[in-house]
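Undergrad: Shown below is the structure under consideration.
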Amino acid sequence: MSLSLTALDWIVCLTALIGSIGFGLSLALRRHSSESSASFFLAGRSLTWPIVGASLYATNIGAEHLVGLSGDAYRYGLCAGTVELATCIPLGIAAGFLFPYYLRTKVYTIPEFLEMRYNATARAFFSALMLVISIMTKMAFHLYAGALVLHGLIGWDIMQVVALMGAIAAAVTIIGGFTAVAYTDSIQTGIMILGCGLMLVVGLDKAGGWTGLIEKVPQAIHIAKPASDPNYPFWGIIAGAFYGGTFYWGMDQVNVQRVLGARDVLQARWGAMFTVLLKLSPVFIFALPGVVALALFPGRDSKTTFITLLNELLPNGIRGLVLAALLASLIGSTLSVMNSVSTLVVRDFFLRLRPSTSERKQVLLGRFAIVIATVLGVIAAYLIYKTPDGLYKYLQTISIYLTIPVAPAIFFGIMSKRVTVKGAVASVVGGSALAALFVWDQLIGEAAGRSMFPWLHTEFTLNYTYRGLWGTLLVVGTLFAVSAFTTRAAPETLQQLTVDWKSAPAGLHGFTDWRVQLAALVLLTVVLYARLW
C-alpha cells in the first residue's frame, strides 16, 4: 500500500516544511551572530522557556513516534503510549536536581561538568560514548527510520532519502547553529501537533467519538499491561522512566543542550515543565489514531497503519500537513543530534588539545564536525540498511543498555557527596561488563535461538525495562560500596557541584513556581493514567 498524494497535498507539505526551516533560519541569523561559539553551540544562552520546551519536545519526537506508535497501538493497544505519559518523572528529577548545577557552572557539555566533579578521563570517556551513541544509533536511526517510512509511504529510495535528509539537516545546522535548530524545532513542534491532532479529530469522528471507539475495541483502550507482558509491562516502563528516562532527559547531551542554552535556571525549569505538558500529547495524537485504525479497518498489517490513516481518513491538504509533520519530525530530531555532536567534538576534544583556539575557529571546527558526523551517520544508516532485520530491530533496546554504566555516576555524583572518583570508575567498569552481557544476549543469543544465560529469560528479566532496572541497581550498589572506602573530592569542589541536603528549600511562589507546575502536571498525569487504566 502506498500513499495517495494530490498536488494540493504537496503544496501544503512543502509550504509548511520550507516555511518552518526558512523562518527558523531567518530568526537565528537576525538575532545571533553565528561566529560566536556561545551563539553557535548554545544560542548565546538566551533561550526562553517556550523555545526550550518546544525544542526538547521536537528533539524527542522522530518518525518512529508518528509511524511506530500508531502501528504498535494498532497491534498492542493504547499501552504502546505508556511511556509517553511518564515524562513528569524524569524531567521533574532533572529540573529539580541536575539542571541547576549544569547552568551554575556554565558548561557547554555534560562531559565538561564531569571533569569538574571527577577528572579529565571521565570527561573524555563520556564524551566519546555520547558521540558513538549520537552518531551510530541516534542519527543513523532517525535517518534510516524516516527514510524507511518515506519508502513505504511514497516509494522513494531509502538511501537517497537518507542522504537528502542528512544534507538538509546539516545545511541548516551549519548556517544557523544552535539558534536555528532551537527555533526550527519550536515551529515544527506546532506543525506536528496540529497535523496529527487533526488526524485524531477526523478519526474519532469516523469511529463515533470516544464512546463509539470504546464500544468497537474495548480491549485496545487500556494503557496498563500486566507485569508479565513481554512488550509493554506497565510497572517495568514506569521504573524505566526513573533510571532510563532521567538519563535521557537529564544527562544525554542531545537533550540537555536545549537546557544549557536557557537564559537562566528559571527559564530552563519552566521549559522542562512545558515539555512535560507537550509530552501528554503523543499518546493521543500518535498512539490513539492507531486504535482508531483498528476500530475502522481491522485485519490489516500493523506496519501500514499510518498509510491507512492518511489514505482512508484525511481529505486533500490535511494529508499534506500530516506528511509535513512526519518530515518535520525527521529533520528536527536529526538537527538536534548534529548540533550536539559538533559541540562535543569541539568543546571536549579540540579545546582540550588547543585551549587557545579562537571563537571563529571553534565555529569553523564545529561546522566541519557536522559535515563529518553527517557522513558517518549516513554510512551507519547504510550499514543498518544492509544488515538483517535483527540488528535494526534491537537498536532502541541496546541504547538503554549503553546508559547503565554511566548514568549512576553522573546522577549520584550530583546527588551525594559520598561518591568518589574510584567509586565512579568501578561502577562504570562493572556496568560496562553488565551492559556487554545484555547486548550479547540480545543480539547473539536471541539471533541463534538460544541463550547462555537462562536467568535473563524469566518473567522479570526478559523485558529490557527489567534488565535495565536490575542492572542499574547493581551499578548503584557498586558505586556506593567502592566510594565508602575511597577518598572523596575536596570539600570546596563538593560544595559547588553537589546537592546540599541540609539547606532549607525556598518557599513556594504560586503557579509561577515550577514545583507547583510540576505538582499540577503529575496530578494530571495520574488522572490520565487512571482514566485509561
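How things are named: the first chain in the C-alpha cells is A, the next is B, and so on; residues count from 1 in each chain; ligands count from 1 in the order shown.
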Might you pull out every residue within 8 Å of stretch 278-291 of chain A, with only C-alpha atoms counted and same-chain residues fewer than 4 positions away left off, and present them as a ChimeraX atom specification?
TA: /A:54,57,65-67,69-74,77-78,80-82,84-85,87,193,196-197,199-200,203,217,220-221,274,295,305-306,309,525
Undergrad: May I have a table of the residues of stretch 327-409 of chain A lying at most 10 Å from stretch 451-474 of chain A, giving each one's closest pair of atoms and their distance in Å to one decimal, counting only C-alpha atoms, ordered by chain and ascending residue number, as a Markdown table?
TA:
```
| residue | atom | partner | partner_atom | distance |
| --- | --- | --- | --- | --- |
| A:Thr397 | CA | A:Tyr464 | CA | 6.6 |
| A:Ile398 | CA | A:Tyr464 | CA | 8.7 |
| A:Ile400 | CA | A:Gly468 | CA | 7.1 |
| A:Tyr401 | CA | A:Gly468 | CA | 6.5 |
| A:Leu402 | CA | A:Gly468 | CA | 9.8 |
| A:Thr403 | CA | A:Gly468 | CA | 8.9 |
| A:Ile404 | CA | A:Thr472 | CA | 5.6 |
| A:Pro405 | CA | A:Thr472 | CA | 7.8 |
| A:Val406 | CA | A:Thr472 | CA | 9.5 |
| A:Ala407 | CA | A:Thr472 | CA | 8.3 |
| A:Pro408 | CA | A:Thr472 | CA | 7.2 |
```
Undergrad: Between A:Cys79, A:Leu314, A:Val12, A:Leu129, which is the closest to A:Pro226 once you count only C-alpha atoms?
TA: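 Nearest candidate to A:Pro226 out of A:Cys79, A:Leu314, A:Val12, A:Leu129: A:Cys79.
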Undergrad: Which parts of stretch 327-532 of chain A does DSSP call helix (DSSP H, G or I) when run on the backbone here, written out as a count of residues only?
TA: 156
Undergrad: Can you write out as CSV which residues of stretch 91-182 of chain A fall within 8 Å of stretch 337-357 of chain A, alongside each residue's closest atom pair and its distance in Å to one decimal, counting only C-alpha atoms and ordering rows by chain and ascending residue number?
TA:
```
residue,atom,partner,partner_atom,distance
A:Tyr108,CA,A:Arg347,CA,7.2
A:Thr109,CA,A:Leu344,CA,6.6
A:Pro111,CA,A:Asp348,CA,7.2
A:Glu112,CA,A:Asp348,CA,6.9
A:Arg123,CA,A:Asp348,CA,7.3
A:Ala124,CA,A:Asp348,CA,6.9
A:Ser127,CA,A:Leu344,CA,6.4
A:Leu131,CA,A:Val341,CA,6.2
A:Ser134,CA,A:Val337,CA,6.3
A:Ile135,CA,A:Val337,CA,7.7
A:Lys138,CA,A:Val337,CA,7.1
A:Met139,CA,A:Val337,CA,6.3
A:Ala169,CA,A:Met338,CA,7.9
A:Ala170,CA,A:Met338,CA,7.0
A:Thr173,CA,A:Asn339,CA,6.4
A:Gly177,CA,A:Asn339,CA,7.1
A:Phe178,CA,A:Asn339,CA,6.3
A:Val181,CA,A:Asn339,CA,7.7
```
Undergrad: Would you save the residues of that selection, restricted to N, CA and C atoms, as a CSV table (one decimal), in the first residue's frame?
TA:
```csv
chain,number,residue,atom,x,y,z
A,108,TYR,N,29.3,23.8,28.6
A,108,TYR,CA,28.8,23.6,27.3
A,108,TYR,C,28.3,22.2,27.1
A,109,THR,N,28.9,21.3,27.8
A,109,THR,CA,28.6,19.8,27.6
A,109,THR,C,28.5,19.2,29.0
A,111,PRO,N,29.9,16.2,29.6
A,111,PRO,CA,31.2,15.7,30.0
A,111,PRO,C,32.1,16.8,30.6
A,112,GLU,N,31.9,18.1,30.2
A,112,GLU,CA,32.6,19.1,30.8
A,112,GLU,C,32.3,19.2,32.3
A,123,ARG,N,35.6,12.9,31.6
A,123,ARG,CA,35.1,13.7,30.6
A,123,ARG,C,35.3,13.1,29.2
A,124,ALA,N,36.5,12.7,29.0
A,124,ALA,CA,36.8,12.1,27.6
A,124,ALA,C,36.0,10.8,27.4
A,127,SER,N,32.2,11.7,26.8
A,127,SER,CA,32.1,12.4,25.6
A,127,SER,C,32.2,11.4,24.4
A,131,LEU,N,29.3,10.5,21.7
A,131,LEU,CA,29.5,10.6,20.2
A,131,LEU,C,29.1,9.3,19.5
A,134,SER,N,25.3,9.0,19.7
A,134,SER,CA,24.6,10.0,18.9
A,134,SER,C,24.7,9.8,17.4
A,135,ILE,N,25.9,9.3,17.0
A,135,ILE,CA,26.1,9.1,15.5
A,135,ILE,C,25.6,7.7,15.1
A,138,LYS,N,21.5,7.3,17.4
A,138,LYS,CA,20.5,8.3,17.2
A,138,LYS,C,20.4,8.8,15.8
A,139,MET,N,21.5,9.4,15.2
A,139,MET,CA,21.5,9.9,13.9
A,139,MET,C,21.1,8.9,12.9
A,169,ALA,N,19.5,18.7,6.9
A,169,ALA,CA,19.7,19.0,8.4
A,169,ALA,C,21.1,19.6,8.6
A,170,ALA,N,22.1,19.0,7.9
A,170,ALA,CA,23.5,19.6,8.1
A,170,ALA,C,23.6,21.0,7.6
A,173,THR,N,22.0,23.4,10.2
A,173,THR,CA,22.8,23.4,11.4
A,173,THR,C,24.1,24.2,11.2
A,177,GLY,N,23.5,27.4,13.2
A,177,GLY,CA,23.9,27.0,14.6
A,177,GLY,C,22.8,26.5,15.4
A,178,PHE,N,23.0,26.5,16.7
A,178,PHE,CA,22.0,26.0,17.7
A,178,PHE,C,20.8,26.9,17.7
A,181,VAL,N,18.5,25.7,15.1
A,181,VAL,CA,18.0,24.4,15.5
A,181,VAL,C,16.8,24.6,16.5
```
